[in-house]
$ cat protein-v3.cif   # mmCIF, C-alpha atoms
data_upload
#
loop_
_atom_site.group_PDB
_atom_site.id
_atom_site.type_symbol
_atom_site.label_atom_id
_atom_site.label_comp_id
_atom_site.auth_asym_id
_atom_site.auth_seq_id
_atom_site.Cartn_x
_atom_site.Cartn_y
_atom_site.Cartn_z
ATOM 1 C CA MET D 21 -83.902 -46.027 -14.240
ATOM 2 C CA CYS D 22 -84.806 -48.695 -11.656
ATOM 3 C CA ASP D 23 -84.368 -47.398 -8.066
ATOM 4 C CA PHE D 24 -84.290 -49.920 -5.261
ATOM 5 C CA ASP D 25 -84.027 -49.236 -1.531
ATOM 6 C CA LEU D 26 -81.832 -52.048 -0.192
ATOM 7 C CA SER D 27 -82.750 -51.343 3.460
ATOM 8 C CA GLN D 28 -86.420 -51.793 2.700
ATOM 9 C CA ALA D 29 -85.752 -55.062 0.890
ATOM 10 C CA LEU D 30 -83.741 -56.381 3.829
ATOM 11 C CA ASP D 31 -86.043 -55.383 6.695
ATOM 12 C CA GLY D 32 -89.206 -56.632 4.974
ATOM 13 C CA SER D 33 -90.833 -53.223 4.704
ATOM 14 C CA PRO D 34 -94.308 -53.476 3.207
ATOM 15 C CA ASP D 35 -93.371 -50.727 0.796
ATOM 16 C CA CYS D 36 -91.309 -53.270 -1.077
ATOM 17 C CA ASP D 37 -93.002 -56.650 -0.721
ATOM 18 C CA GLU D 38 -93.607 -58.884 -3.696
ATOM 19 C CA SER D 39 -96.737 -57.063 -4.733
ATOM 20 C CA GLY D 40 -95.091 -53.661 -4.487
ATOM 21 C CA PHE D 41 -91.624 -54.589 -5.742
ATOM 22 C CA GLU D 42 -92.207 -53.154 -9.211
ATOM 23 C CA SER D 43 -93.452 -49.811 -7.917
ATOM 24 C CA CYS D 44 -90.566 -49.670 -5.440
ATOM 25 C CA CYS D 45 -87.992 -50.370 -8.105
ATOM 26 C CA PHE D 46 -89.281 -47.683 -10.371
ATOM 27 C CA ASP D 47 -89.641 -44.997 -7.726
ATOM 28 C CA THR D 48 -87.626 -42.115 -9.141
ATOM 29 C CA THR D 49 -88.412 -39.522 -6.478
ATOM 30 C CA ASP D 50 -85.530 -37.060 -6.222
ATOM 31 C CA VAL D 51 -83.871 -36.647 -2.827
ATOM 32 C CA GLN D 52 -82.456 -33.197 -2.056
ATOM 33 C CA ASP D 53 -79.000 -32.606 -0.636
ATOM 34 C CA GLU D 54 -78.824 -31.015 2.822
ATOM 35 C CA PHE D 55 -76.318 -28.559 4.313
ATOM 36 C CA PHE D 56 -75.441 -28.546 8.027
ATOM 37 C CA PRO D 57 -73.379 -25.655 9.468
ATOM 38 C CA LEU D 58 -70.592 -27.004 11.680
ATOM 39 C CA ASP D 59 -68.403 -23.984 12.363
ATOM 40 C CA GLU D 60 -67.731 -20.566 10.965
ATOM 41 C CA GLY D 61 -66.887 -21.054 7.334
ATOM 42 C CA LEU D 62 -67.321 -24.844 7.590
ATOM 43 C CA ASN D 63 -70.426 -26.674 6.408
ATOM 44 C CA MET D 64 -71.227 -30.348 5.915
ATOM 45 C CA LEU D 65 -73.016 -31.485 2.768
ATOM 46 C CA VAL D 66 -75.100 -34.654 3.031
ATOM 47 C CA SER D 67 -76.041 -36.191 -0.302
ATOM 48 C CA ARG D 68 -78.703 -38.864 -0.374
ATOM 49 C CA ASN D 69 -78.489 -40.912 -3.545
ATOM 50 C CA ARG D 70 -81.110 -43.556 -3.975
ATOM 51 C CA LYS D 71 -79.692 -46.995 -4.706
ATOM 52 C CA THR D 72 -80.375 -48.699 -8.031
ATOM 53 C CA MET D 73 -80.586 -52.370 -8.805
ATOM 54 C CA GLN D 74 -77.450 -51.934 -10.939
ATOM 55 C CA SER D 75 -75.435 -50.437 -8.083
ATOM 56 C CA VAL D 76 -76.570 -53.206 -5.718
ATOM 57 C CA ALA D 77 -75.642 -55.877 -8.281
ATOM 58 C CA ASN D 78 -72.235 -54.269 -8.837
ATOM 59 C CA LEU D 79 -71.609 -54.209 -5.082
ATOM 60 C CA LEU D 80 -72.525 -57.895 -4.679
ATOM 61 C CA LEU D 81 -70.358 -58.899 -7.638
ATOM 62 C CA ALA D 82 -67.428 -56.919 -6.267
ATOM 63 C CA VAL D 83 -67.724 -58.558 -2.862
ATOM 64 C CA ASN D 84 -67.948 -62.025 -4.375
ATOM 65 C CA ARG D 85 -64.859 -61.399 -6.493
ATOM 66 C CA MET D 86 -62.692 -60.421 -3.539
ATOM 67 C CA LYS D 87 -60.642 -63.567 -3.061
ATOM 68 C CA LYS D 88 -57.747 -62.171 -1.084
ATOM 69 C CA SER D 89 -58.215 -61.270 2.568
ATOM 70 C CA LEU D 90 -56.335 -58.407 4.215
ATOM 71 C CA THR D 91 -53.426 -59.691 6.267
ATOM 72 C CA ARG D 92 -53.566 -56.885 8.819
ATOM 73 C CA CYS D 93 -56.294 -55.197 10.769
ATOM 74 C CA ASP D 94 -58.075 -52.495 8.785
ATOM 75 C CA SER D 95 -57.066 -49.869 11.335
ATOM 76 C CA GLU D 96 -53.395 -50.576 10.627
ATOM 77 C CA LEU D 97 -53.741 -49.927 6.904
ATOM 78 C CA SER D 98 -53.313 -46.508 5.386
ATOM 79 C CA ASP D 99 -55.850 -45.272 2.845
ATOM 80 C CA GLU D 100 -53.386 -45.982 0.026
ATOM 81 C CA GLU D 101 -52.659 -49.525 1.267
ATOM 82 C CA LEU D 102 -56.342 -50.278 1.690
ATOM 83 C CA CYS D 103 -57.139 -49.014 -1.804
ATOM 84 C CA SER D 104 -54.289 -51.060 -3.292
ATOM 85 C CA ALA D 105 -55.452 -54.200 -1.471
ATOM 86 C CA ILE D 106 -59.013 -53.787 -2.724
ATOM 87 C CA MET D 107 -57.908 -53.114 -6.311
ATOM 88 C CA GLU D 108 -55.579 -56.091 -6.228
ATOM 89 C CA SER D 109 -58.520 -58.287 -5.248
ATOM 90 C CA LEU D 110 -60.990 -56.887 -7.756
ATOM 91 C CA VAL D 111 -58.958 -56.166 -10.870
ATOM 92 C CA THR D 112 -58.308 -59.039 -13.225
ATOM 93 C CA VAL D 113 -55.174 -58.721 -15.353
ATOM 94 C CA THR D 114 -55.154 -60.473 -18.707
ATOM 95 C CA LEU D 115 -51.800 -61.001 -20.426
ATOM 96 C CA VAL D 116 -51.880 -61.195 -24.198
ATOM 97 C CA THR D 117 -48.866 -62.653 -25.953
ATOM 98 C CA THR D 118 -48.174 -62.163 -29.631
ATOM 99 C CA THR D 119 -46.218 -64.318 -32.012
ATOM 100 C CA GLU D 120 -44.580 -63.361 -35.243
ATOM 101 C CA ALA D 121 -46.643 -64.454 -38.230
ATOM 102 C CA SER D 122 -47.334 -63.520 -41.798
ATOM 103 C CA SER D 123 -49.971 -60.953 -42.749
ATOM 104 C CA THR D 124 -52.525 -63.751 -42.911
ATOM 105 C CA GLY D 125 -51.731 -64.972 -39.401
ATOM 106 C CA MET D 126 -50.671 -68.357 -40.760
ATOM 107 C CA LYS D 127 -47.321 -70.054 -40.403
ATOM 108 C CA ARG D 128 -45.358 -69.934 -43.661
ATOM 109 C CA ILE D 129 -44.088 -73.225 -45.022
ATOM 110 C CA PHE D 130 -41.808 -73.240 -48.078
ATOM 111 C CA GLN D 131 -42.471 -76.364 -50.149
ATOM 112 C CA ARG D 132 -39.877 -77.597 -52.663
ATOM 113 C CA LEU D 133 -41.270 -77.760 -56.205
ATOM 114 C CA ASN D 134 -38.483 -78.713 -58.606
ATOM 115 C CA SER D 135 -34.866 -78.081 -59.529
ATOM 116 C CA ASP D 136 -33.345 -76.339 -62.531
ATOM 117 C CA PRO D 137 -30.595 -78.001 -64.567
ATOM 118 C CA LEU D 138 -27.065 -77.502 -63.231
ATOM 119 C CA CYS D 139 -25.807 -73.969 -63.823
ATOM 120 C CA THR D 140 -22.919 -71.612 -63.021
ATOM 121 C CA LEU D 141 -22.973 -68.072 -61.630
ATOM 122 C CA CYS D 142 -21.043 -65.238 -63.265
ATOM 123 C CA ASP D 143 -20.983 -61.705 -61.826
ATOM 124 C CA HIS D 144 -21.186 -58.450 -63.772
ATOM 125 C CA SER D 145 -17.380 -58.342 -64.114
ATOM 126 C CA GLN D 146 -17.266 -61.795 -65.725
ATOM 127 C CA LYS D 147 -15.919 -63.491 -62.616
ATOM 128 C CA TYR D 148 -17.165 -67.008 -61.956
ATOM 129 C CA ILE D 149 -17.825 -68.539 -58.571
ATOM 130 C CA VAL D 150 -15.417 -71.311 -57.672
ATOM 131 C CA GLN D 151 -14.842 -73.356 -54.539
ATOM 132 C CA ALA D 152 -11.698 -72.561 -52.599
ATOM 133 C CA SER D 153 -9.388 -75.550 -52.352
ATOM 134 C CA GLY D 154 -9.366 -77.298 -49.012
ATOM 135 C CA GLY D 155 -12.269 -75.432 -47.465
ATOM 136 C CA LEU D 156 -15.987 -74.758 -47.469
ATOM 137 C CA LYS D 157 -15.606 -71.290 -48.979
ATOM 138 C CA LEU D 158 -16.559 -69.794 -52.323
ATOM 139 C CA GLN D 159 -14.489 -67.293 -54.321
ATOM 140 C CA ALA D 160 -14.996 -65.177 -57.438
ATOM 141 C CA VAL D 161 -12.349 -65.599 -60.148
ATOM 142 C CA THR D 162 -11.898 -64.569 -63.777
ATOM 143 C CA LEU D 163 -11.204 -67.881 -65.529
ATOM 144 C CA GLN D 164 -8.898 -68.127 -68.515
ATOM 145 C CA GLY D 165 -9.284 -70.680 -71.282
ATOM 146 C CA GLY D 166 -8.951 -74.268 -70.120
ATOM 147 C CA ASN D 167 -9.989 -73.560 -66.524
ATOM 148 C CA GLY D 168 -13.698 -73.868 -67.033
ATOM 149 C CA ASP D 169 -13.788 -77.049 -64.968
ATOM 150 C CA LYS D 170 -13.157 -74.959 -61.828
ATOM 151 C CA LYS D 171 -16.563 -73.347 -62.018
ATOM 152 C CA VAL D 172 -18.970 -74.435 -59.306
ATOM 153 C CA ASN D 173 -22.010 -76.181 -60.706
ATOM 154 C CA PHE D 174 -25.070 -75.073 -58.756
ATOM 155 C CA LYS D 175 -28.425 -76.759 -58.533
ATOM 156 C CA LEU D 176 -31.211 -74.249 -57.924
ATOM 157 C CA SER D 177 -34.183 -75.858 -56.166
ATOM 158 C CA ARG D 178 -37.337 -73.782 -56.371
ATOM 159 C CA TYR D 179 -39.694 -73.330 -53.430
ATOM 160 C CA MET D 180 -43.112 -71.811 -53.041
ATOM 161 C CA THR D 181 -45.265 -70.734 -50.120
ATOM 162 C CA PRO D 182 -48.924 -69.600 -50.206
ATOM 163 C CA ASN D 183 -50.185 -66.146 -49.284
ATOM 164 C CA VAL D 184 -47.024 -64.123 -49.847
ATOM 165 C CA SER D 185 -46.488 -60.728 -51.428
ATOM 166 C CA ALA D 186 -45.139 -60.306 -54.946
ATOM 167 C CA GLY D 187 -41.727 -59.391 -53.518
ATOM 168 C CA GLU D 188 -41.407 -62.742 -51.766
ATOM 169 C CA VAL D 189 -41.859 -65.126 -54.688
ATOM 170 C CA GLY D 190 -39.060 -67.151 -56.234
ATOM 171 C CA ALA D 191 -37.317 -68.614 -53.178
ATOM 172 C CA VAL D 192 -34.503 -71.031 -54.052
ATOM 173 C CA VAL D 193 -31.897 -73.190 -52.358
ATOM 174 C CA LEU D 194 -28.461 -73.092 -53.999
ATOM 175 C CA SER D 195 -26.750 -76.468 -53.723
ATOM 176 C CA ILE D 196 -23.281 -77.565 -54.811
ATOM 177 C CA THR D 197 -23.938 -81.235 -54.139
ATOM 178 C CA ASN D 198 -26.942 -83.122 -52.802
ATOM 179 C CA LYS D 199 -25.708 -82.423 -49.272
ATOM 180 C CA LEU D 200 -23.801 -79.119 -49.523
ATOM 181 C CA HIS D 201 -25.876 -75.925 -49.646
ATOM 182 C CA MET D 202 -25.395 -72.175 -49.292
ATOM 183 C CA SER D 203 -26.810 -70.624 -46.113
ATOM 184 C CA CYS D 204 -26.953 -67.215 -44.482
ATOM 185 C CA CYS D 205 -27.277 -66.151 -40.850
ATOM 186 C CA MET D 206 -26.532 -63.072 -38.745
ATOM 187 C CA LYS D 207 -23.357 -62.861 -36.686
ATOM 188 C CA ASP D 208 -22.279 -59.763 -34.768
ATOM 189 C CA GLY D 209 -24.762 -57.632 -36.695
ATOM 190 C CA LYS D 210 -23.615 -58.825 -40.121
ATOM 191 C CA ALA D 211 -25.003 -61.472 -42.442
ATOM 192 C CA VAL D 212 -22.531 -64.307 -43.031
ATOM 193 C CA LEU D 213 -22.562 -66.691 -46.002
ATOM 194 C CA ASN D 214 -21.649 -70.335 -45.384
ATOM 195 C CA LEU D 215 -21.673 -73.758 -46.963
ATOM 196 C CA GLU D 216 -23.516 -76.303 -44.832
ATOM 197 C CA GLU D 217 -24.205 -79.980 -45.098
ATOM 198 C CA ARG D 218 -27.866 -81.019 -44.984
ATOM 199 C CA SER D 219 -29.675 -83.974 -46.482
ATOM 200 C CA LYS D 220 -32.080 -83.412 -49.326
ATOM 201 C CA GLU D 221 -34.906 -84.704 -47.149
ATOM 202 C CA ASP D 222 -34.195 -82.053 -44.476
ATOM 203 C CA LEU D 223 -34.868 -79.326 -47.038
ATOM 204 C CA LYS D 224 -38.044 -80.773 -48.546
ATOM 205 C CA LYS D 225 -40.148 -78.413 -46.420
ATOM 206 C CA ILE D 226 -38.754 -75.321 -44.723
ATOM 207 C CA SER D 227 -40.622 -73.423 -42.030
ATOM 208 C CA ALA D 228 -40.106 -69.676 -41.767
ATOM 209 C CA ASP D 229 -40.674 -69.985 -38.010
ATOM 210 C CA GLY D 230 -37.491 -71.996 -37.461
ATOM 211 C CA ASP D 231 -33.883 -71.369 -38.427
ATOM 212 C CA MET D 232 -33.920 -73.562 -41.538
ATOM 213 C CA ASP D 233 -34.922 -70.570 -43.671
ATOM 214 C CA ARG D 234 -31.227 -69.652 -43.625
ATOM 215 C CA PHE D 235 -30.890 -71.903 -46.697
ATOM 216 C CA LEU D 236 -33.434 -69.901 -48.705
ATOM 217 C CA PHE D 237 -32.763 -66.959 -51.031
ATOM 218 C CA TYR D 238 -35.204 -64.862 -53.024
ATOM 219 C CA LYS D 239 -34.118 -65.028 -56.673
ATOM 220 C CA ARG D 240 -35.181 -61.997 -58.698
ATOM 221 C CA THR D 241 -34.411 -61.338 -62.355
ATOM 222 C CA THR D 242 -33.893 -57.791 -63.669
ATOM 223 C CA GLY D 243 -32.601 -56.167 -66.851
ATOM 224 C CA MET D 244 -30.628 -58.373 -69.226
ATOM 225 C CA SER D 245 -31.197 -61.647 -67.368
ATOM 226 C CA LEU D 246 -29.320 -60.437 -64.301
ATOM 227 C CA ASN D 247 -30.285 -62.100 -61.026
ATOM 228 C CA THR D 248 -30.013 -61.128 -57.381
ATOM 229 C CA PHE D 249 -30.168 -63.519 -54.421
ATOM 230 C CA GLU D 250 -31.548 -61.977 -51.222
ATOM 231 C CA SER D 251 -31.454 -63.950 -47.987
ATOM 232 C CA VAL D 252 -34.879 -64.967 -46.685
ATOM 233 C CA ARG D 253 -33.502 -65.141 -43.146
ATOM 234 C CA CYS D 254 -31.588 -61.843 -43.319
ATOM 235 C CA ARG D 255 -33.728 -59.529 -45.407
ATOM 236 C CA GLY D 256 -31.860 -56.750 -47.194
ATOM 237 C CA TRP D 257 -28.647 -58.822 -47.512
ATOM 238 C CA PHE D 258 -27.534 -60.197 -50.900
ATOM 239 C CA ILE D 259 -24.990 -62.678 -52.214
ATOM 240 C CA SER D 260 -22.150 -60.578 -53.638
ATOM 241 C CA THR D 261 -18.617 -60.573 -55.039
ATOM 242 C CA SER D 262 -15.774 -58.063 -54.988
ATOM 243 C CA TYR D 263 -16.011 -55.341 -57.629
ATOM 244 C CA GLU D 264 -12.473 -55.903 -59.036
ATOM 245 C CA ALA D 265 -10.230 -58.065 -56.843
ATOM 246 C CA GLU D 266 -9.675 -61.703 -57.767
ATOM 247 C CA TYR D 267 -9.912 -64.721 -55.470
ATOM 248 C CA GLN D 268 -11.941 -62.770 -52.958
ATOM 249 C CA PRO D 269 -14.601 -64.625 -50.959
ATOM 250 C CA VAL D 270 -18.220 -64.586 -51.976
ATOM 251 C CA GLU D 271 -19.988 -62.753 -49.150
ATOM 252 C CA MET D 272 -23.252 -61.156 -48.148
ATOM 253 C CA CYS D 273 -23.665 -57.410 -48.474
ATOM 254 C CA GLU D 274 -26.442 -54.878 -48.173
ATOM 255 C CA ARG D 275 -28.098 -53.605 -51.305
ATOM 256 C CA ASP D 276 -26.119 -50.393 -51.802
ATOM 257 C CA ALA D 277 -22.748 -51.582 -50.505
ATOM 258 C CA SER D 278 -19.881 -49.962 -52.395
ATOM 259 C CA ARG D 279 -17.366 -52.058 -54.328
ATOM 260 C CA ARG D 280 -19.638 -55.104 -54.231
ATOM 261 C CA LEU D 281 -21.469 -56.785 -57.109
ATOM 262 C CA THR D 282 -24.868 -58.330 -56.400
ATOM 263 C CA HIS D 283 -26.061 -59.193 -59.918
ATOM 264 C CA PHE D 284 -25.287 -62.546 -61.554
ATOM 265 C CA LYS D 285 -25.904 -64.309 -64.823
ATOM 266 C CA VAL D 286 -27.187 -67.841 -64.452
ATOM 267 C CA ILE D 287 -25.418 -69.786 -67.213
#
$ encode --input "protein-v3.cif" --output "structure tokens"
Amino acid sequence: MCDFDLSQALDGSPDCDESGFESCCFDTTDVQDEFFPLDEGLNMLVSRNRKTMQSVANLLLAVNRMKKSLTRCDSELSDEELCSAIMESLVTVTLVTTTEASSTGMKRIFQRLNSDPLCTLCDHSQKYIVQASGGLKLQAVTLQGGNGDKKVNFKLSRYMTPNVSAGEVGAVVLSITNKLHMSCCMKDGKAVLNLEERSKEDLKKISADGDMDRFLFYKRTTGMSLNTFESVRCRGWFISTSYEAEYQPVEMCERDASRRLTHFKVI
């Protein structure tokens, strides 16, 4: 421990000149506490703690860092106000902001790879997806012979992004035409499926940080070539059809929703 008597250094005492500075600094002589009786049952304890170079340096740094002056006379400040003013001057607050990112800390970009041949989607009850007349809505219908031309022909464009988990592979965009695509977004706490117009160029690269990921769905194949389509934007929500009813809209549902079918054959 390096002890240093600041008063000696300031008044030029010969005990702490240049030649004796080292011996002064390393003087570790203990100083005893003293008791002074003031009144019956009341004593005063005087503790003499020798100063160290570290304590002197800390004091000088603290004084230099005080940038805010007190606006009122010291005598007008309470102990609490004075302490708060000093702490406000000395304490530096650092704000750390966080941003949502992948496990690697890198922004995810989905890059279009290729497109499958045109296909149709048929649910587990043999209902095909068709486009409702006069609107941008999709329905599920059991088609009789001769009505096959009502099936919607989908183009599945495949996308990839680096550094993702095994459960996040196989993202696709489902398009009806070159400009009409399925999308999903949250509204009033529920995922809503829509058809939106976007140019092919707009969907060449899709950033997960923006809202364009609403056009992406994770396509997963299970069992006998049955496929599910989970929204990338609204995780846990799947493209689905009604269990029995005809001409019902194709909607999003959560995985275990009753009376909804989430598995499709890609034909």
$ closest_residue --input "protein-v3.cif" --among "D:Cys139, D:Leu200, D:Ile129, D:Ala191" --to "Asn173 in chain D" --atoms "only C-alpha atoms"
D:Cys139
$ closest_residue --input "protein-v3.cif" --among "D:Arg218, D:Val76, D:Ala211, D:Leu246" --to "Met272 in chain D" --atoms "all atoms listed in the file"
D:Ala211
$ residues_around --input "protein-v3.cif" --residues "range 201-207 of chain D" --least-positions-apart "3" --cutoff "9 Å" --atoms "all atoms listed in the file" --output "list in words"
Val193, Leu194, Ser195, Ile196, Thr197, Asn198, Lys210, Ala211, Val212, Leu213, Asn214, Leu215, Glu216, Glu217, Arg218, Asp231, Met232, Asp233, Arg234, Phe235, Leu236, Phe237, Ser251, Val252, Arg253, Cys254 and Met272 of chain D
$ atom_distance --input "protein-v3.cif" --atom1 "CA of Ile149 in chain D" --atom2 "CA of Met180 in chain D"
26.1 Å
$ atom_distance --input "protein-v3.cif" --atom1 "CA of Leu156 in chain D" --atom2 "CA of Ser245 in chain D"
28.3 Å
$ atom_distance --input "protein-v3.cif" --atom1 "CA of Gln151 in chain D" --atom2 "CA of Gln131 in chain D"
28.1 Å
$ closest_residue --input "protein-v3.cif" --among "D:Asp229, D:Glu250, D:Glu54, D:Asp169" --to "Thr282 in chain D" --atoms "only C-alpha atoms"
D:Glu250
$ closest_residue --input "protein-v3.cif" --among "D:Val172, D:Leu223, D:Ile287, D:Val150" --to "Tyr267 in chain D" --atoms "only C-alpha atoms"
D:Val150
$ resolve_selection --input "protein-v3.cif" --expression "the PyMOL selection byres ((chain D and resi 136) around 6)" --output "list of chain:residue names"
D:Ser135, D:Pro137, D:Leu176
$ closest_residue --input "protein-v3.cif" --among "D:Pro269, D:Gly243, D:Arg279, D:Tyr238" --to "Tyr148 in chain D" --atoms "all atoms listed in the file"
D:Pro269
$ residues_near_point --input "protein-v3.cif" --point "(-37.3, -83.1, -50.4)" --cutoff "12 Å" --atoms "only C-alpha atoms" --output "count of residues only"
21
$ resolve_selection --input "protein-v3.cif" --expression "the PyMOL selection byres ((chain D and resi 264) around 8)" --output "list in words"
Ser145, Ser262, Tyr263, Ala265, Glu266 and Arg279 of chain D
$ closest_residue --input "protein-v3.cif" --among "D:Thr248, D:Gln268, D:Ser278, D:Ser75" --to "Val192 in chain D" --atoms "all atoms listed in the file"
D:Thr248
